[in-house]
$ cat work10.cif   # mmCIF, C-alpha atoms
data_structure
#
loop_
_atom_site.label_atom_id
_atom_site.label_comp_id
_atom_site.auth_asym_id
_atom_site.auth_seq_id
_atom_site.Cartn_x
_atom_site.Cartn_y
_atom_site.Cartn_z
CA MET W 1 0.00 0.00 0.00
CA ALA W 2 1.28 3.47 -0.82
CA GLU W 3 2.61 5.70 1.92
CA PRO W 4 0.37 8.64 2.87
CA THR W 5 1.35 12.03 1.58
CA PRO W 6 3.42 13.80 4.24
CA ARG W 7 2.18 16.98 5.89
CA ARG W 8 3.30 20.22 4.33
CA ASN W 9 6.02 20.79 6.93
CA GLU W 10 7.42 17.25 6.58
CA PRO W 11 9.92 16.49 3.82
CA ARG W 12 8.83 14.04 1.13
CA LEU W 13 10.75 10.80 1.02
CA ARG W 14 12.70 10.44 -2.17
CA PRO W 15 12.42 6.92 -3.55
CA ALA W 16 14.97 5.34 -5.83
CA PRO W 17 15.19 7.22 -9.10
CA LEU W 18 13.27 5.85 -12.04
CA LEU W 19 15.72 5.62 -14.89
CA PHE W 20 14.38 5.76 -18.40
CA GLU W 21 14.61 2.59 -20.38
CA PRO W 22 17.02 2.72 -23.33
CA ALA W 23 15.25 2.56 -26.66
CA GLU W 24 16.68 -0.86 -27.50
CA ALA W 25 15.46 -2.29 -24.17
CA VAL W 26 11.89 -1.15 -24.81
CA ASP W 27 11.76 -3.43 -27.85
CA ASP W 28 12.49 -6.45 -25.63
CA PRO W 29 9.26 -7.38 -23.78
CA GLU W 30 11.24 -9.30 -21.14
CA HIS W 31 13.36 -6.25 -20.27
CA PHE W 32 12.21 -4.21 -17.29
CA PHE W 33 14.63 -1.74 -15.72
CA ASP W 34 17.37 -4.35 -16.06
CA LEU W 35 15.78 -6.53 -13.35
CA GLU W 36 16.06 -9.64 -15.50
CA SER W 37 19.84 -9.37 -15.40
CA ILE W 38 20.07 -9.41 -11.58
CA GLU W 39 20.89 -12.95 -10.48
CA ASP W 40 21.24 -12.49 -6.72
CA PRO W 41 17.71 -12.81 -5.25
CA ARG W 42 18.58 -10.41 -2.41
CA ALA W 43 19.69 -7.76 -4.85
CA LEU W 44 16.69 -8.45 -7.08
CA LEU W 45 14.30 -8.07 -4.15
CA ALA W 46 16.00 -4.85 -3.05
CA ARG W 47 15.93 -3.26 -6.53
CA ALA W 48 12.38 -4.43 -7.28
CA THR W 49 11.27 -3.00 -3.93
CA GLU W 50 12.95 0.32 -4.72
CA LEU W 51 11.16 0.43 -8.06
CA THR W 52 7.83 -0.45 -6.45
CA GLN W 53 8.19 2.38 -3.94
CA ALA W 54 9.25 4.80 -6.66
CA PHE W 55 6.26 3.90 -8.84
CA ARG W 56 3.89 4.25 -5.88
CA ALA W 57 5.32 7.67 -5.00
CA ALA W 58 5.08 8.74 -8.64
CA THR W 59 1.49 7.51 -8.83
CA ASP W 60 0.52 9.40 -5.67
CA ARG W 61 2.03 12.63 -6.99
CA ALA W 62 0.46 12.20 -10.41
CA VAL W 63 -2.97 11.67 -8.83
CA GLU W 64 -2.52 14.85 -6.80
CA PHE W 65 -1.70 16.79 -9.95
CA GLN W 66 -4.70 15.25 -11.73
CA ALA W 67 -6.92 16.36 -8.86
CA ILE W 68 -5.53 19.89 -8.89
CA ALA W 69 -6.02 20.13 -12.64
CA ALA W 70 -9.58 18.81 -12.34
CA ALA W 71 -10.37 21.37 -9.64
CA GLN W 72 -8.90 24.17 -11.74
CA LEU W 73 -10.87 23.09 -14.80
CA ALA W 74 -14.11 22.95 -12.77
CA ASP W 75 -13.55 26.33 -11.10
CA PRO W 76 -16.81 28.29 -11.50
CA ARG W 77 -14.79 31.52 -11.89
CA ARG W 78 -13.37 30.26 -15.19
CA PHE W 79 -15.28 31.33 -18.28
CA ASP W 80 -14.20 28.08 -19.93
CA ARG W 81 -14.86 25.81 -16.93
CA LEU W 82 -15.70 22.20 -17.53
CA THR W 83 -18.44 20.12 -15.98
CA PRO W 84 -17.55 16.96 -14.06
CA ALA W 85 -18.90 15.00 -17.05
CA ASP W 86 -16.51 16.84 -19.39
CA ILE W 87 -13.58 16.24 -17.04
CA ALA W 88 -14.54 12.58 -16.71
CA GLU W 89 -14.58 12.16 -20.47
CA ARG W 90 -11.17 13.78 -20.91
CA ALA W 91 -9.55 11.78 -18.11
CA GLU W 92 -11.40 8.53 -18.88
CA TRP W 93 -13.03 8.52 -15.43
CA THR W 94 -16.60 8.05 -14.31
CA GLU W 95 -18.48 11.24 -13.56
CA ASP W 96 -18.69 10.34 -9.86
CA TYR W 97 -14.93 9.86 -9.70
CA ALA W 98 -14.41 13.20 -11.49
CA LYS W 99 -16.54 14.92 -8.82
CA LYS W 100 -14.45 13.32 -6.08
CA MET W 101 -11.23 14.33 -7.81
CA VAL W 102 -12.46 17.93 -8.17
CA GLU W 103 -13.17 18.07 -4.43
CA PHE W 104 -9.84 16.38 -3.65
CA GLY W 105 -8.07 18.95 -5.82
CA ARG W 106 -9.87 21.79 -4.05
CA ASP W 107 -8.74 20.35 -0.71
CA LEU W 108 -5.17 20.15 -1.98
CA MET W 109 -5.25 23.73 -3.22
CA ARG W 110 -6.66 24.93 0.12
CA GLY W 111 -3.91 23.01 1.88
CA ALA W 112 -6.43 20.88 3.76
CA VAL W 113 -4.85 17.57 2.81
CA GLY W 114 -1.89 16.63 4.95
CA GLU W 115 -2.94 19.00 7.73
CA GLY W 116 -5.41 16.59 9.30
CA ARG W 117 -8.49 18.01 7.57
CA GLY W 118 -8.54 15.78 4.54
CA SER W 119 -7.41 12.51 3.04
CA THR W 120 -4.80 11.82 0.39
CA ASP W 121 -7.16 9.30 -1.19
CA PRO W 122 -9.88 10.86 -3.39
CA LEU W 123 -12.18 7.91 -2.74
#
$ encode --input "work10.cif" --output "structure tokens"
Amino acid sequence: MAEPTPRRNEPRLRPAPLLFEPAEAVDDPEHFFDLESIEDPRALLARATELTQAFRAATDRAVEFQAIAAAQLADPRRFDRLTPADIAERAEWTEDYAKKMVEFGRDLMRGAVGEGRGSTDPL
């Protein structure tokens, strides 16, 4: 399970860096961040765990940015604001999920999340 987003005054943990796959490695379906070349199971577990944590952290941050963008797009002060249905269509979400993400984004922008007044999970 992903770690909760730290409070604003707490530093974010920096997971292992995600290195981009070389172009030739992408063509090989068995190649994944060079894990297939690690023979020592301890080293494999350690590197796979680092990658798992990095992907989870990246996912959490991406979801936060999605929520902020959704809230900005739904802002009633915008002349070009979008409805939750429009946002859902663009993001390939359900309309109910889009509504939750808009509210989550508003909480993030108000600073409510991470200060005990909100949740880092839009559901």
$ residues_around --input "work10.cif" --residues "W:Lys99" --least-positions-apart "3" --cutoff "6 Å" --atoms "only C-alpha atoms" --output "PyMOL selection string"
chain W and resi 84+96+102
$ resolve_selection --input "work10.cif" --expression "the PyMOL selection byres ((chain W and resi 63) around 12)" --output "list in words"
Thr5, Arg56, Ala57, Ala58, Thr59, Asp60, Arg61, Ala62, Glu64, Phe65, Gln66, Ala67, Ile68, Ala69, Ala70, Ala91, Ala98, Lys100, Met101, Val102, Phe104, Gly105, Leu108, Thr120, Asp121, Pro122 and Leu123 of chain W
$ atom_distance --input "work10.cif" --atom1 "atom CA of W:Asp80" --atom2 "atom CA of W:Glu95"
18.5 Å
$ atom_distance --input "work10.cif" --atom1 "atom CA of W:Asp107" --atom2 "atom CA of W:Ala74"
13.5 Å
$ atom_distance --input "work10.cif" --atom1 "atom CA of W:Asp75" --atom2 "atom CA of W:Arg110"
13.2 Å
$ closest_residue --input "work10.cif" --among "W:Leu82, W:Ala71, W:Leu51, W:Met109" --to "W:Phe33" --atoms "all atoms listed in the file"
W:Leu51
